[in-house]
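What follows is a short report on a single structure.
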Amino acid sequence: MKNRKILLGITGGIAAYKSAHLCRLFVRDGADVRVVMSEAACEFITPLTMETLCGKPVPVKMFGRTAGPLEHIDLPDEAEIMVIAPATADYLARCAAGRACDLISSVTLAFTGPVLFAPAMNTNMWNNPATARNVLTLTEEHGWHIVQPSSGDLACGWTGPGRMAEPEEILDAARALFRRDLHGHRILVTAGPTAEDLDPVRFLSNRSTGRMGYAIAHAATRRGADVVLVSGPTALPCPTGVQRVDVRSALEMEQAVNEEVDGCDAVIMSAAVADYRPEQIMEHKIKKEQEGDSRVLQLVKNPDILAGLGARFAKKSRPVLVGFALETRNAIEAARTKLQRKGAHIIVANLAADGLGGDDTRATIIDDREKMFDTGPLTKIELAEKILDHVLEYWDRP
Ligand SMILES: Cc1cc2nc3c(=O)[nH]c(=O)nc-3n(C[C@H](O)[C@H](O)[C@H](O)COP(=O)(O)O)c2cc1C
């Protein structure tokens, strides 16, 4: 990380003593480190210690000037990445709410680059639904990167999850944020459900949230790819730097994909595209008074977008086609069949119980070169990184 500009934020937890070691590791790696601390953090470790380690003044208070009056803007402006270790429950709550009530929260709010955070807290604080919601907001809406706390004996006497990751692990995760291994590649990602209209107010859809595809788009952009995201209806904000094309139905998604695919090195199709659509979209709202006690919906098959690309790019090495197989049983078998039938190169297989709508997911990545591996339980952003690693490796293999 030679000459990389890192802003290390320290908040008020017992694990703050480990931040001194983390700062040393960054400095030893050649990074140019600035430190900002919360007032609570100063109860656990002194700014003097951190100043000595990083060689620069360590601001703490919004109004007790250390360098200049605009520290809350200058500090984030100068940094390439921000690492918060430890991140307290309260700091996460402030950031998830977009607060700027103290220096460290203001600095974070004004920072536009990648943020990595290492939570540390008592097990019950970590398991509290409010904390879980804040972590989800920060990882999925704000695109922050988490170094998961580990399980073990905590300083408070409890045993369970909440212990801050070791500084060496945080260092590795920070190094990964500088990875630009997808630079020069164009990647098309599809995400979300499709909505198949029945009439002006009703539609058929599914429970996909789009979070998986958005995580892939986010991770690929951060790693330097030029990303176009074809998205069905979701409530998710578009990740920074991603070109999003909004669609509604499977037919619209097919058209958008076909228009965007030329020149792509990979197409990652995580959207849950409806297999069928109503044969007819009624011009006016269907009225039950006119329908009687039952109504038959006539459905017609939607095009299979992945299979269409498989046929169009058969025997070509680019784009690498990645499909998803979400099944309620026999996911691996179904994925293998899908690989062949659709002419895809890689399939990410998972069971609905392990992934759909949940916070964590677990998948098996299978490719047409007989490579297969089980990811184990991961957050969506972690799985996104694994899928991109697999695509990179696929490109590089003869
Ligand atoms: C001894 C002690 C240890 C604490 N350890 C933690 C901790 O590990 N994680 C946490 O979220 N809060 C911890 N707290 C509570 C925070 O210090 C408190 O919520 C504080 O307001 C956080 O402020 P900050 O987020 O600005 O640093 C601890 C408090 C005390 C007194």
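FYI, nothing fancy with the structure tokens labels: chains A, B, ... in order, residues from 1 per chain, ligands from 1 as they appear.
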
Worksheet item: Near Pro161 (chain A), within 6 Å and counting only C-alpha atoms, which residues show up once chain neighbours fewer than 4 positions away are dropped, as a count of residues only?
Response: 3

Discussion item. Can you pull out the residues contacting region 365-367 of chain A? Cut-off 8 Å, using only C-alpha atoms, and skip same-chain residues under 2 positions away; I want them as a PyMOL selection string.
Written reply: chain A and resi 335-336+339+345-349+363+369-375+387

May I have the selected residues written with C-alpha atoms, as a PDB file, in the first residue's frame?
```
ATOM      1  CA  ALA A 335     -27.301 -26.042 -12.044  1.00  0.00           C
ATOM      2  CA  ARG A 336     -25.392 -28.669 -14.031  1.00  0.00           C
ATOM      3  CA  LEU A 339     -25.044 -24.966 -17.640  1.00  0.00           C
ATOM      4  CA  HIS A 345     -19.976 -20.863 -18.603  1.00  0.00           C
ATOM      5  CA  ILE A 346     -20.580 -20.479 -14.882  1.00  0.00           C
ATOM      6  CA  ILE A 347     -23.625 -21.118 -12.704  1.00  0.00           C
ATOM      7  CA  VAL A 348     -24.082 -19.878  -9.171  1.00  0.00           C
ATOM      8  CA  ALA A 349     -26.398 -22.379  -7.514  1.00  0.00           C
ATOM      9  CA  ALA A 363     -23.866 -20.817  -2.938  1.00  0.00           C
ATOM     10  CA  ARG A 369     -14.712 -26.880 -16.882  1.00  0.00           C
ATOM     11  CA  GLU A 370     -15.769 -29.147 -14.052  1.00  0.00           C
ATOM     12  CA  LYS A 371     -14.721 -26.717 -11.371  1.00  0.00           C
ATOM     13  CA  MET A 372     -17.031 -26.474  -8.402  1.00  0.00           C
ATOM     14  CA  PHE A 373     -16.817 -24.946  -4.958  1.00  0.00           C
ATOM     15  CA  ASP A 374     -19.084 -24.296  -2.028  1.00  0.00           C
ATOM     16  CA  THR A 375     -18.712 -20.742  -0.755  1.00  0.00           C
ATOM     17  CA  ILE A 387     -18.229 -14.621  -8.201  1.00  0.00           C
TER      18      ILE A 387
END
```

Worksheet entry | Protein and nucleic residues near ligand 1, 6 Å, only C-alpha atoms and all ligand atoms, as a ChimeraX atom specification | /A:11-14,38,40-41,88-91,120-121

Discussion item. Just list as a PyMOL selection string whatever in region 19-244 of chain A DSSP marks as strand (DSSP E or B).
Written reply: chain A and resi 32-37+81-87+115-119+145-146+150-153+159-163+186-191+193+196-197+203-204+226-231+243-244

Item to complete: Please provide the set of residues having any atom within 9 Å of region 245-262 of chain A, restricted to only C-alpha atoms, with same-chain residues fewer than 2 positions apart removed, written as a PyMOL selection string.
Response: chain A and resi 187-190+193-197+228-233+243+264-267+273-277+302-305+308-309+319

Resulting file, chosen residues, C-alpha atoms, as a PDB file, in the first residue's frame:
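Output saved as again_20.pdb:
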```
ATOM      1  CA  ILE A 187     -19.406  -6.237 -17.282  1.00  0.00           C
ATOM      2  CA  LEU A 188     -23.144  -6.424 -17.711  1.00  0.00           C
ATOM      3  CA  VAL A 189     -25.155  -7.372 -14.620  1.00  0.00           C
ATOM      4  CA  THR A 190     -28.872  -8.037 -14.423  1.00  0.00           C
ATOM      5  CA  PRO A 193     -37.340  -9.296 -10.297  1.00  0.00           C
ATOM      6  CA  THR A 194     -39.337  -8.610 -13.410  1.00  0.00           C
ATOM      7  CA  ALA A 195     -42.931  -7.389 -13.209  1.00  0.00           C
ATOM      8  CA  GLU A 196     -45.361  -8.853 -15.707  1.00  0.00           C
ATOM      9  CA  ASP A 197     -48.396  -6.629 -15.944  1.00  0.00           C
ATOM     10  CA  VAL A 228     -23.896  -1.616 -16.808  1.00  0.00           C
ATOM     11  CA  LEU A 229     -26.699  -2.800 -14.558  1.00  0.00           C
ATOM     12  CA  VAL A 230     -29.983  -3.825 -16.168  1.00  0.00           C
ATOM     13  CA  SER A 231     -32.382  -3.705 -13.270  1.00  0.00           C
ATOM     14  CA  GLY A 232     -35.951  -4.827 -12.750  1.00  0.00           C
ATOM     15  CA  PRO A 233     -38.076  -2.817 -10.288  1.00  0.00           C
ATOM     16  CA  GLN A 243     -24.682   2.842 -15.436  1.00  0.00           C
ATOM     17  CA  CYS A 264     -18.881  -7.014 -22.703  1.00  0.00           C
ATOM     18  CA  ASP A 265     -16.318  -9.386 -21.211  1.00  0.00           C
ATOM     19  CA  ALA A 266     -18.813 -10.944 -18.828  1.00  0.00           C
ATOM     20  CA  VAL A 267     -22.566 -11.034 -18.358  1.00  0.00           C
ATOM     21  CA  VAL A 273     -36.792 -13.196 -14.682  1.00  0.00           C
ATOM     22  CA  ALA A 274     -40.399 -14.386 -14.811  1.00  0.00           C
ATOM     23  CA  ASP A 275     -40.739 -17.598 -16.829  1.00  0.00           C
ATOM     24  CA  TYR A 276     -44.230 -16.626 -17.954  1.00  0.00           C
ATOM     25  CA  ARG A 277     -46.204 -13.448 -18.611  1.00  0.00           C
ATOM     26  CA  ASN A 302     -41.055 -15.514 -21.720  1.00  0.00           C
ATOM     27  CA  PRO A 303     -37.826 -15.719 -23.716  1.00  0.00           C
ATOM     28  CA  ASP A 304     -34.912 -17.331 -21.892  1.00  0.00           C
ATOM     29  CA  ILE A 305     -32.418 -14.440 -21.917  1.00  0.00           C
ATOM     30  CA  GLY A 308     -30.430 -16.608 -26.005  1.00  0.00           C
ATOM     31  CA  LEU A 309     -26.981 -15.220 -25.159  1.00  0.00           C
ATOM     32  CA  PRO A 319     -18.481 -12.669 -22.891  1.00  0.00           C
TER      33      PRO A 319
END
```

Item to complete: Please run DSSP on the backbone and report, as a ChimeraX atom specification, all residues within region 158-250 of chain A that come out as alpha helix (DSSP H).
Response: /A:167-177,211-222,250

Please produce an output containing N, CA and C atoms for each residue in the selection, written as a short mmCIF file (atom, residue, chain, number, x, y, z; two decimals), in the first residue's frame.
```cif
data_model
loop_
_atom_site.label_atom_id
_atom_site.label_comp_id
_atom_site.auth_asym_id
_atom_site.auth_seq_id
_atom_site.Cartn_x
_atom_site.Cartn_y
_atom_site.Cartn_z
N PRO A 167 -6.05 -7.22 13.59
CA PRO A 167 -5.51 -6.19 12.69
C PRO A 167 -4.97 -6.75 11.37
N GLU A 168 -4.37 -7.93 11.39
CA GLU A 168 -3.81 -8.51 10.15
C GLU A 168 -4.94 -8.76 9.15
N GLU A 169 -6.09 -9.22 9.66
CA GLU A 169 -7.23 -9.48 8.77
C GLU A 169 -7.78 -8.17 8.20
N ILE A 170 -7.79 -7.14 9.02
CA ILE A 170 -8.28 -5.83 8.57
C ILE A 170 -7.31 -5.26 7.51
N LEU A 171 -6.02 -5.46 7.74
CA LEU A 171 -5.01 -5.01 6.77
C LEU A 171 -5.26 -5.68 5.41
N ASP A 172 -5.50 -6.99 5.43
CA ASP A 172 -5.75 -7.71 4.16
C ASP A 172 -6.99 -7.16 3.45
N ALA A 173 -8.05 -6.91 4.24
CA ALA A 173 -9.29 -6.40 3.65
C ALA A 173 -9.06 -5.00 3.07
N ALA A 174 -8.23 -4.20 3.74
CA ALA A 174 -7.93 -2.85 3.24
C ALA A 174 -7.14 -2.93 1.95
N ARG A 175 -6.18 -3.86 1.91
CA ARG A 175 -5.39 -4.03 0.68
C ARG A 175 -6.32 -4.38 -0.49
N ALA A 176 -7.32 -5.23 -0.19
CA ALA A 176 -8.24 -5.68 -1.26
C ALA A 176 -9.01 -4.50 -1.85
N LEU A 177 -9.21 -3.44 -1.04
CA LEU A 177 -9.96 -2.28 -1.55
C LEU A 177 -9.20 -1.54 -2.64
N ARG A 211 -30.75 -7.39 -4.41
CA ARG A 211 -29.55 -7.07 -3.63
C ARG A 211 -28.30 -7.79 -4.14
N MET A 212 -28.48 -9.03 -4.60
CA MET A 212 -27.31 -9.78 -5.09
C MET A 212 -26.69 -9.08 -6.30
N GLY A 213 -27.54 -8.75 -7.27
CA GLY A 213 -27.02 -8.11 -8.49
C GLY A 213 -26.42 -6.74 -8.20
N TYR A 214 -27.04 -6.00 -7.30
CA TYR A 214 -26.51 -4.67 -6.96
C TYR A 214 -25.16 -4.82 -6.26
N ALA A 215 -25.03 -5.86 -5.44
CA ALA A 215 -23.73 -6.09 -4.77
C ALA A 215 -22.66 -6.43 -5.81
N ILE A 216 -23.03 -7.20 -6.82
CA ILE A 216 -22.06 -7.55 -7.87
C ILE A 216 -21.65 -6.29 -8.64
N ALA A 217 -22.65 -5.49 -8.99
CA ALA A 217 -22.36 -4.25 -9.74
C ALA A 217 -21.45 -3.34 -8.93
N HIS A 218 -21.75 -3.24 -7.65
CA HIS A 218 -20.95 -2.38 -6.77
C HIS A 218 -19.51 -2.88 -6.68
N ALA A 219 -19.35 -4.19 -6.43
CA ALA A 219 -18.01 -4.75 -6.25
C ALA A 219 -17.21 -4.65 -7.55
N ALA A 220 -17.87 -4.91 -8.67
CA ALA A 220 -17.15 -4.88 -9.96
C ALA A 220 -16.69 -3.45 -10.27
N THR A 221 -17.52 -2.47 -9.97
CA THR A 221 -17.13 -1.08 -10.22
C THR A 221 -15.93 -0.71 -9.35
N ARG A 222 -16.01 -1.10 -8.09
CA ARG A 222 -14.89 -0.78 -7.20
C ARG A 222 -13.59 -1.41 -7.68
N ALA A 250 -39.86 -9.01 -18.49
CA ALA A 250 -38.81 -9.88 -19.06
C ALA A 250 -38.49 -9.45 -20.50
#
```

Practice prompt. Just the residues within 6 Å of region 136-147 of chain A, please, counting only C-alpha atoms, with nothing from its chain fewer than 4 positions along; format it as a VMD selection string.
Written response: chain A and resid 96 115 to 118

Worksheet item: Which residue gives the smallest distance to Phe313 (chain A) among A:Val296, A:Gly210, A:Arg244, A:Ala344, with only C-alpha atoms counted?
Response: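 Smallest separation from Phe313 (chain A) among the options: A:Ala344.
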
Discussion item. Ranking A:Gly162, A:Gly323, A:Gly9, A:Gly192 by minimum distance to Leu22 (chain A) and counting only C-alpha atoms, which one comes first?
Written reply: A:Gly9

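For the pair CA of Thr337 (chain A) and CA of Ile381 (chain A), the separation is 26.8 Å.
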
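Distances here use only C-alpha atoms; by that measure, the residue among A:Glu78, A:Glu333, A:Asp396, A:Asp389 closest to Arg180 (chain A) is A:Asp389.
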
Item to complete: Enter the distance from CA of Val36 (chain A) to CA of Leu7 (chain A), in Å, rounded to one decimal.
Response: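 CA of Leu7 (chain A) lies 7.3 Å from CA of Val36 (chain A).
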
Worksheet item: Which residue gives the smallest distance to Leu154 (chain A) among A:Ala15, A:Ala31, A:Ala191, A:Ala130, with only C-alpha atoms counted?
Response: A:Ala15

Worksheet item: Taking into account only C-alpha atoms, which residue in the set A:Pro47, A:Arg4, A:Ile104, A:Thr52 is nearest to Val33 (chain A)?
Response: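 Looking only at the distances to Val33 (chain A), the closest residue turns out to be A:Arg4.
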